[in-house]
$ cat start.cif   # mmCIF, C-alpha atoms
data_protein
#
loop_
_atom_site.group_PDB
_atom_site.id
_atom_site.type_symbol
_atom_site.label_atom_id
_atom_site.label_comp_id
_atom_site.auth_asym_id
_atom_site.auth_seq_id
_atom_site.Cartn_x
_atom_site.Cartn_y
_atom_site.Cartn_z
ATOM 1 C CA LYS X 1 49.742 43.244 -3.384
ATOM 2 C CA ALA X 2 52.740 44.832 -5.035
ATOM 3 C CA GLY X 3 56.120 43.551 -3.949
ATOM 4 C CA VAL X 4 59.168 45.434 -2.781
ATOM 5 C CA THR X 5 60.431 47.810 -5.433
ATOM 6 C CA GLN X 6 63.919 49.210 -5.762
ATOM 7 C CA THR X 7 65.182 52.003 -7.974
ATOM 8 C CA PRO X 8 67.266 52.279 -9.957
ATOM 9 C CA ARG X 9 67.933 48.673 -10.953
ATOM 10 C CA TYR X 10 71.381 49.398 -12.364
ATOM 11 C CA LEU X 11 73.822 52.163 -11.627
ATOM 12 C CA ILE X 12 77.357 52.986 -12.706
ATOM 13 C CA LYS X 13 79.348 55.484 -10.669
ATOM 14 C CA THR X 14 82.917 56.670 -10.454
ATOM 15 C CA ARG X 15 85.171 56.393 -7.420
ATOM 16 C CA GLY X 16 84.703 59.298 -5.053
ATOM 17 C CA GLN X 17 81.131 59.996 -6.067
ATOM 18 C CA GLN X 18 78.114 59.380 -3.893
ATOM 19 C CA VAL X 19 74.979 57.422 -4.653
ATOM 20 C CA THR X 20 71.430 57.159 -3.327
ATOM 21 C CA LEU X 21 69.334 54.028 -3.681
ATOM 22 C CA SER X 22 65.619 53.865 -3.059
ATOM 23 C CA CYS X 23 63.334 51.156 -1.702
ATOM 24 C CA SER X 24 59.549 51.050 -1.459
ATOM 25 C CA PRO X 25 58.306 48.319 0.897
ATOM 26 C CA ILE X 26 55.207 46.214 0.591
ATOM 27 C CA SER X 27 52.143 48.193 1.579
ATOM 28 C CA GLY X 28 51.608 47.962 5.335
ATOM 29 C CA HIS X 29 55.183 46.936 6.116
ATOM 30 C CA ARG X 30 56.946 49.317 8.469
ATOM 31 C CA SER X 31 60.371 47.718 8.647
ATOM 32 C CA VAL X 32 62.940 48.059 5.884
ATOM 33 C CA SER X 33 66.339 46.373 5.939
ATOM 34 C CA TRP X 34 69.270 46.741 3.562
ATOM 35 C CA TYR X 35 71.807 44.094 2.577
ATOM 36 C CA GLN X 36 74.921 44.105 0.443
ATOM 37 C CA GLN X 37 75.704 41.075 -1.726
ATOM 38 C CA THR X 38 79.170 40.541 -3.179
ATOM 39 C CA PRO X 39 80.882 37.405 -4.530
ATOM 40 C CA GLY X 40 83.585 37.619 -1.878
ATOM 41 C CA GLN X 41 81.630 38.509 1.249
ATOM 42 C CA GLY X 42 78.221 37.079 0.405
ATOM 43 C CA LEU X 43 75.138 38.697 1.876
ATOM 44 C CA GLN X 44 75.763 41.130 4.696
ATOM 45 C CA PHE X 45 73.350 43.162 6.777
ATOM 46 C CA LEU X 46 73.721 46.928 6.479
ATOM 47 C CA PHE X 47 70.955 48.373 8.635
ATOM 48 C CA GLU X 48 67.277 48.272 9.475
ATOM 49 C CA TYR X 49 64.759 51.063 9.817
ATOM 50 C CA PHE X 50 61.452 50.877 11.602
ATOM 51 C CA SER X 51 59.045 53.806 11.927
ATOM 52 C CA GLU X 52 61.711 56.210 10.645
ATOM 53 C CA THR X 53 64.275 55.103 13.262
ATOM 54 C CA GLN X 54 67.390 53.052 12.687
ATOM 55 C CA ARG X 55 66.832 49.985 14.816
ATOM 56 C CA ASN X 56 69.892 47.924 13.985
ATOM 57 C CA LYS X 57 73.171 48.405 12.173
ATOM 58 C CA GLY X 58 75.759 46.082 10.646
ATOM 59 C CA ASN X 59 79.530 46.428 10.504
ATOM 60 C CA PHE X 60 79.913 48.907 7.698
ATOM 61 C CA PRO X 61 81.788 52.221 7.679
ATOM 62 C CA GLY X 62 80.016 55.502 8.216
ATOM 63 C CA ARG X 63 80.051 56.142 4.464
ATOM 64 C CA PHE X 64 76.978 53.937 4.379
ATOM 65 C CA SER X 65 73.883 55.627 5.739
ATOM 66 C CA GLY X 66 70.170 55.416 5.369
ATOM 67 C CA ARG X 67 66.874 56.909 6.303
ATOM 68 C CA GLN X 68 63.206 56.079 6.287
ATOM 69 C CA PHE X 69 60.310 58.351 5.519
ATOM 70 C CA SER X 70 56.882 58.522 7.118
ATOM 71 C CA ASN X 71 55.407 56.401 4.301
ATOM 72 C CA SER X 72 58.000 53.681 5.137
ATOM 73 C CA ARG X 73 59.957 54.221 1.926
ATOM 74 C CA SER X 74 63.672 54.066 2.563
ATOM 75 C CA GLU X 75 66.823 55.360 0.972
ATOM 76 C CA MET X 76 70.401 54.360 1.480
ATOM 77 C CA ASN X 77 73.341 56.566 0.643
ATOM 78 C CA VAL X 78 76.943 55.685 0.034
ATOM 79 C CA SER X 79 79.403 58.550 -0.003
ATOM 80 C CA THR X 80 82.933 58.639 -1.385
ATOM 81 C CA LEU X 81 82.456 55.471 -3.386
ATOM 82 C CA GLU X 82 85.217 52.882 -3.517
ATOM 83 C CA LEU X 83 85.724 50.087 -6.038
ATOM 84 C CA GLY X 84 84.856 47.587 -3.310
ATOM 85 C CA ASP X 85 81.372 49.075 -3.000
ATOM 86 C CA SER X 86 80.428 47.432 -6.289
ATOM 87 C CA ALA X 87 77.690 45.032 -5.286
ATOM 88 C CA LEU X 88 74.057 44.085 -5.471
ATOM 89 C CA TYR X 89 72.165 46.063 -2.832
ATOM 90 C CA LEU X 90 69.028 44.354 -1.650
ATOM 91 C CA CYS X 91 66.190 45.862 0.281
ATOM 92 C CA ALA X 92 63.776 43.799 2.344
ATOM 93 C CA SER X 93 60.537 44.732 4.028
ATOM 94 C CA SER X 94 58.863 42.883 6.832
ATOM 95 C CA PHE X 95 55.934 42.675 9.210
ATOM 96 C CA ARG X 96 55.674 40.766 12.413
ATOM 97 C CA ALA X 97 54.687 37.240 11.442
ATOM 98 C CA GLN X 98 53.377 34.468 13.660
ATOM 99 C CA GLY X 99 55.478 33.806 16.746
ATOM 100 C CA SER X 100 58.726 35.651 17.160
ATOM 101 C CA SER X 101 60.026 35.469 13.626
ATOM 102 C CA TYR X 102 60.010 38.252 11.096
ATOM 103 C CA GLU X 103 59.463 37.180 7.503
ATOM 104 C CA GLN X 104 61.376 39.420 5.176
ATOM 105 C CA TYR X 105 60.454 39.979 1.552
ATOM 106 C CA PHE X 106 63.188 41.106 -0.779
ATOM 107 C CA GLY X 107 63.199 43.424 -3.738
ATOM 108 C CA PRO X 108 65.054 42.672 -6.992
ATOM 109 C CA GLY X 109 68.062 44.716 -5.928
ATOM 110 C CA THR X 110 70.116 47.565 -7.325
ATOM 111 C CA ARG X 111 73.301 46.559 -9.117
ATOM 112 C CA LEU X 112 75.925 49.206 -8.364
ATOM 113 C CA THR X 113 79.151 49.260 -10.353
ATOM 114 C CA VAL X 114 81.923 51.602 -9.271
ATOM 115 C CA THR X 115 84.617 52.365 -11.863
ATOM 116 C CA ALA N 1 76.484 35.725 17.685
ATOM 117 C CA GLN N 2 74.450 33.331 15.617
ATOM 118 C CA SER N 3 75.765 31.763 12.428
ATOM 119 C CA VAL N 4 74.915 29.225 9.767
ATOM 120 C CA THR N 5 77.178 26.926 7.805
ATOM 121 C CA GLN N 6 76.126 25.518 4.485
ATOM 122 C CA LEU N 7 78.094 22.359 4.053
ATOM 123 C CA ASP N 8 78.165 22.254 0.258
ATOM 124 C CA SER N 9 78.978 25.154 -2.035
ATOM 125 C CA HIS N 10 77.723 23.231 -5.102
ATOM 126 C CA VAL N 11 75.245 20.375 -5.457
ATOM 127 C CA SER N 12 74.466 18.654 -8.742
ATOM 128 C CA VAL N 13 71.460 16.337 -9.226
ATOM 129 C CA SER N 14 69.618 14.845 -12.144
ATOM 130 C CA GLU N 15 66.093 15.939 -12.912
ATOM 131 C CA GLY N 16 63.594 13.777 -11.042
ATOM 132 C CA THR N 17 66.021 12.751 -8.272
ATOM 133 C CA PRO N 18 65.951 13.970 -4.650
ATOM 134 C CA VAL N 19 67.584 17.178 -3.512
ATOM 135 C CA LEU N 20 69.418 17.589 -0.202
ATOM 136 C CA LEU N 21 71.012 20.910 0.763
ATOM 137 C CA ARG N 22 72.704 20.838 4.147
ATOM 138 C CA CYS N 23 72.795 23.561 6.769
ATOM 139 C CA ASN N 24 74.083 23.642 10.335
ATOM 140 C CA TYR N 25 73.409 26.536 12.653
ATOM 141 C CA SER N 26 74.947 27.949 15.768
ATOM 142 C CA SER N 27 72.679 29.702 18.201
ATOM 143 C CA SER N 28 72.618 30.397 21.904
ATOM 144 C CA TYR N 29 68.845 30.085 22.037
ATOM 145 C CA SER N 30 65.965 28.732 19.998
ATOM 146 C CA PRO N 31 66.526 30.275 16.586
ATOM 147 C CA SER N 32 64.293 31.364 13.757
ATOM 148 C CA LEU N 33 65.610 29.723 10.609
ATOM 149 C CA PHE N 34 64.817 30.311 6.958
ATOM 150 C CA TRP N 35 65.686 29.069 3.511
ATOM 151 C CA TYR N 36 65.768 31.561 0.652
ATOM 152 C CA VAL N 37 66.327 30.947 -3.044
ATOM 153 C CA GLN N 38 67.919 33.310 -5.545
ATOM 154 C CA HIS N 39 67.605 32.785 -9.265
ATOM 155 C CA PRO N 40 70.204 34.461 -11.506
ATOM 156 C CA ASN N 41 69.944 38.246 -11.493
ATOM 157 C CA LYS N 42 66.912 38.128 -9.233
ATOM 158 C CA GLY N 43 66.143 39.013 -5.635
ATOM 159 C CA LEU N 44 65.676 36.531 -2.823
ATOM 160 C CA GLN N 45 62.517 34.495 -2.441
ATOM 161 C CA LEU N 46 61.459 32.957 0.861
ATOM 162 C CA LEU N 47 61.077 29.176 0.568
ATOM 163 C CA LEU N 48 60.183 28.322 4.138
ATOM 164 C CA LYS N 49 60.729 29.240 7.777
ATOM 165 C CA TYR N 50 61.076 27.504 11.129
ATOM 166 C CA THR N 51 59.805 29.268 14.234
ATOM 167 C CA SER N 52 59.483 26.405 16.761
ATOM 168 C CA ALA N 53 55.862 25.553 15.914
ATOM 169 C CA ALA N 54 56.766 22.284 14.133
ATOM 170 C CA THR N 55 60.100 20.635 13.414
ATOM 171 C CA LEU N 56 59.139 19.608 9.871
ATOM 172 C CA VAL N 57 58.460 22.668 7.805
ATOM 173 C CA LYS N 58 56.834 22.644 4.399
ATOM 174 C CA GLY N 59 57.571 25.398 1.953
ATOM 175 C CA ILE N 60 56.780 26.417 -1.562
ATOM 176 C CA ASN N 61 57.516 24.408 -4.719
ATOM 177 C CA GLY N 62 57.633 21.075 -2.855
ATOM 178 C CA PHE N 63 60.561 21.944 -0.580
ATOM 179 C CA GLU N 64 60.726 20.848 3.049
ATOM 180 C CA ALA N 65 63.178 21.323 5.893
ATOM 181 C CA GLU N 66 63.551 19.527 9.199
ATOM 182 C CA PHE N 67 64.801 21.259 12.326
ATOM 183 C CA LYS N 68 66.963 18.920 14.439
ATOM 184 C CA LYS N 69 68.056 20.546 17.649
ATOM 185 C CA SER N 70 70.285 17.660 18.727
ATOM 186 C CA GLU N 71 72.240 17.965 15.476
ATOM 187 C CA THR N 72 71.860 21.763 15.137
ATOM 188 C CA SER N 73 70.803 21.167 11.551
ATOM 189 C CA PHE N 74 68.163 22.530 9.214
ATOM 190 C CA HIS N 75 68.587 20.635 5.959
ATOM 191 C CA LEU N 76 66.475 21.449 2.895
ATOM 192 C CA THR N 77 64.996 18.609 0.840
ATOM 193 C CA LYS N 78 62.814 18.023 -2.179
ATOM 194 C CA PRO N 79 61.705 14.570 -3.371
ATOM 195 C CA SER N 80 62.104 15.254 -7.079
ATOM 196 C CA ALA N 81 64.207 17.981 -8.679
ATOM 197 C CA HIS N 82 62.938 20.058 -11.542
ATOM 198 C CA MET N 83 64.999 22.040 -14.014
ATOM 199 C CA SER N 84 63.473 25.239 -12.652
ATOM 200 C CA ASP N 85 64.977 24.487 -9.218
ATOM 201 C CA ALA N 86 68.439 25.395 -10.496
ATOM 202 C CA ALA N 87 69.430 28.419 -8.416
ATOM 203 C CA GLU N 88 71.407 29.465 -5.361
ATOM 204 C CA TYR N 89 69.963 28.582 -1.959
ATOM 205 C CA PHE N 90 70.687 30.350 1.299
ATOM 206 C CA CYS N 91 70.196 29.082 4.827
ATOM 207 C CA VAL N 92 69.492 32.007 7.127
ATOM 208 C CA VAL N 93 69.192 32.585 10.859
ATOM 209 C CA SER N 94 67.393 35.547 12.359
ATOM 210 C CA GLU N 95 69.304 37.519 14.932
ATOM 211 C CA GLU N 96 68.160 40.517 16.944
ATOM 212 C CA GLY N 97 64.716 40.679 15.426
ATOM 213 C CA ASN N 98 65.016 41.596 11.790
ATOM 214 C CA LYS N 99 68.743 41.128 11.271
ATOM 215 C CA LEU N 100 69.298 38.114 9.026
ATOM 216 C CA VAL N 101 72.583 36.224 9.016
ATOM 217 C CA PHE N 102 73.124 34.365 5.751
ATOM 218 C CA GLY N 103 75.077 31.257 4.984
ATOM 219 C CA ALA N 104 77.514 31.311 2.088
ATOM 220 C CA GLY N 105 75.000 29.741 -0.261
ATOM 221 C CA THR N 106 74.695 26.472 -2.167
ATOM 222 C CA ILE N 107 74.432 26.504 -5.937
ATOM 223 C CA LEU N 108 72.086 23.773 -7.113
ATOM 224 C CA ARG N 109 72.581 22.436 -10.601
ATOM 225 C CA VAL N 110 69.913 20.218 -12.163
ATOM 226 C CA LYS N 111 70.956 18.019 -15.057
ATOM 227 C CA SER N 112 68.505 16.852 -17.694
#
$ encode --input "start.cif" --output "structure tokens"
Amino acid sequence: KAGVTQTPRYLIKTRGQQVTLSCSPISGHRSVSWYQQTPGQGLQFLFEYFSETQRNKGNFPGRFSGRQFSNSRSEMNVSTLELGDSALYLCASSFRAQGSSYEQYFGPGTRLTVT
Amino acid sequence: AQSVTQLDSHVSVSEGTPVLLRCNYSSSYSPSLFWYVQHPNKGLQLLLKYTSAATLVKGINGFEAEFKKSETSFHLTKPSAHMSDAAEYFCVVSEEGNKLVFGAGTILRVKS
């Protein structure tokens, strides 16, 4: 089974621009979550989509948004980029595992650099 | 809100010696706990998970973790370190279904 794929892997943008990142989950997974990883703040939850609906959201400004398509692929968008948005953006897909836990499988990430 | 605290930011061991990475959690109910590993410039890989079925959890690559409710701990161990174990390790608690809350991470260095 193919893993979670993210495109592009690397991206360089200028302040004020917007960016769209893409994530394709593992086949059969309907939940996609996004995380931001920075040296200062560590790994932080952005949002989760399930069956095309945002199910949960972290504490990020409205410049960060996302969506999910009927094939479970997801995109996240960041508008009006700031230098502090430079980070590794990780996507994770999941299915309901045994019991009440949800195992999440992560993609390799998109490294965004804002200049 | 749930949280995890990783007690060591860096751990250094010699190859062939035991590994201990410490994690304490805070949760208002029985949590789901995970350990993930991240090799340089790579995504996160699930090592193991605890979901109340058994307190001693076995994971991949010889890693284990023991859930101790009385101590609110979920420490990660491995009997014998290998050079390929050098990476950053994250203790994680699941909150509100699929929302994961990560610890700050522990960088494991393995000396030859």
$ closest_atom_pairs --input "start.cif" --of "chain X" --to "chain N" --cutoff "10 Å" --atoms "all atoms listed in the file" --output "CSV"
residue,atom,partner,partner_atom,distance
X:Val4,CA,N:Gly43,CA,9.9
X:Ser31,CA,N:Asn98,CA,8.3
X:Val32,CA,N:Asn98,CA,9.0
X:Ser33,CA,N:Asn98,CA,7.7
X:Trp34,CA,N:Lys99,CA,9.6
X:Tyr35,CA,N:Leu100,CA,9.1
X:Pro39,CA,N:Ala104,CA,9.6
X:Gly40,CA,N:Ala104,CA,9.6
X:Gln41,CA,N:Ala104,CA,8.3
X:Gly42,CA,N:Ala104,CA,6.0
X:Leu43,CA,N:Phe102,CA,6.2
X:Gln44,CA,N:Val101,CA,7.3
X:Phe45,CA,N:Lys99,CA,6.7
X:Leu46,CA,N:Lys99,CA,9.0
X:Phe47,CA,N:Lys99,CA,8.0
X:Glu48,CA,N:Asn98,CA,7.4
X:Tyr49,CA,N:Asn98,CA,9.7
X:Phe50,CA,N:Asn98,CA,9.9
X:Arg55,CA,N:Asn98,CA,9.1
X:Asn56,CA,N:Lys99,CA,7.4
X:Lys57,CA,N:Lys99,CA,8.6
X:Gly58,CA,N:Lys99,CA,8.6
X:Leu88,CA,N:Asn41,CA,9.3
X:Tyr89,CA,N:Gly43,CA,9.7
X:Leu90,CA,N:Gly43,CA,7.3
X:Cys91,CA,N:Gly43,CA,9.1
X:Ala92,CA,N:Leu44,CA,9.1
X:Ser93,CA,N:Asn98,CA,9.5
X:Ser94,CA,N:Asn98,CA,8.0
X:Phe95,CA,N:Asn98,CA,9.5
X:Arg96,CA,N:Asn98,CA,9.4
X:Ala97,CA,N:Thr51,CA,9.9
X:Gln98,CA,N:Thr51,CA,8.3
X:Gly99,CA,N:Thr51,CA,6.8
X:Ser100,CA,N:Thr51,CA,7.1
X:Ser101,CA,N:Ser32,CA,5.9
X:Tyr102,CA,N:Asn98,CA,6.1
X:Glu103,CA,N:Lys49,CA,8.0
X:Gln104,CA,N:Leu46,CA,7.8
X:Tyr105,CA,N:Gln45,CA,7.1
X:Phe106,CA,N:Leu44,CA,5.6
X:Gly107,CA,N:Gly43,CA,5.6
X:Pro108,CA,N:Gly43,CA,4.1
X:Gly109,CA,N:Gly43,CA,6.0
X:Thr110,CA,N:Gly43,CA,9.6
X:Arg111,CA,N:Asn41,CA,9.3
$ residues_near_point --input "start.cif" --point "(70.0, 24.7, 7.3)" --cutoff "9 Å" --atoms "only C-alpha atoms" --output "ChimeraX atom specification"
/N:4-6,21-25,33-35,65-67,72-76,90-93,103
$ axis_aligned_box --input "start.cif" --around "region 88-96 of chain N" --padding-each-side "4 Å" --output "AutoDock Vina command-line options"
--center_x 69.4 --center_y 34.5 --center_z 5.8 --size_x 12.0 --size_y 19.9 --size_z 30.3
$ atom_distance --input "start.cif" --atom1 "CA of Lys58 (chain N)" --atom2 "CA of Ala2 (chain X)"
24.5 Å
$ residues_around --input "start.cif" --residues "Lys78 (chain N)" --least-positions-apart "6" --cutoff "8 Å" --atoms "all atoms listed in the file" --output "list in words"
Pro18, Val19, Leu20, Gly62, Phe63 and Glu64 of chain N
$ resolve_selection --input "start.cif" --expression "the PyMOL selection byres ((chain X and resi 77) around 10)" --output "list in words"
Gln18, Val19, Thr20, Leu21, Ser22, Arg63, Phe64, Ser65, Gly66, Arg67, Glu75, Met76, Val78 and Ser79 of chain X
$ atom_distance --input "start.cif" --atom1 "CA of Gln36 (chain X)" --atom2 "CA of Ser28 (chain N)"
25.6 Å
$ atom_distance --input "start.cif" --atom1 "CA of Ser27 (chain X)" --atom2 "CA of Ser51 (chain X)"
13.6 Å
$ closest_residue --input "start.cif" --among "X:Ser86, X:Thr80, X:Thr5, X:Gln54" --to "Gln68 (chain X)" --atoms "only C-alpha atoms"
X:Gln54
$ closest_residue --input "start.cif" --among "N:Ser3, N:Ser27, N:Thr106, N:Ser84" --to "Lys69 (chain N)" --atoms "only C-alpha atoms"
N:Ser27
$ resolve_selection --input "start.cif" --expression "the PyMOL selection byres ((chain N and resi 9) around 7)" --output "list in words"
Leu7, Asp8, His10, Val11, Gly105, Thr106 and Ile107 of chain N
$ residues_near_point --input "start.cif" --point "(65.9, 14.0, -4.7)" --cutoff "10 Å" --atoms "all atoms listed in the file" --output "number ranges by chain"
N: 13-20, 77-82
$ resolve_selection --input "start.cif" --expression "the PyMOL selection byres ((chain X and resi 114) around 7)" --output "mmCIF file with C-alpha atoms, in the frame of the given file"
data_model
loop_
_atom_site.group_PDB
_atom_site.id
_atom_site.type_symbol
_atom_site.label_atom_id
_atom_site.label_comp_id
_atom_site.auth_asym_id
_atom_site.auth_seq_id
_atom_site.Cartn_x
_atom_site.Cartn_y
_atom_site.Cartn_z
ATOM 1 C CA ILE X 12 77.357 52.986 -12.706
ATOM 2 C CA LYS X 13 79.348 55.484 -10.669
ATOM 3 C CA THR X 14 82.917 56.670 -10.454
ATOM 4 C CA ARG X 15 85.171 56.393 -7.420
ATOM 5 C CA GLU X 82 85.217 52.882 -3.517
ATOM 6 C CA LEU X 83 85.724 50.087 -6.038
ATOM 7 C CA ASP X 85 81.372 49.075 -3.000
ATOM 8 C CA SER X 86 80.428 47.432 -6.289
ATOM 9 C CA LEU X 112 75.925 49.206 -8.364
ATOM 10 C CA THR X 113 79.151 49.260 -10.353
ATOM 11 C CA THR X 115 84.617 52.365 -11.863
#
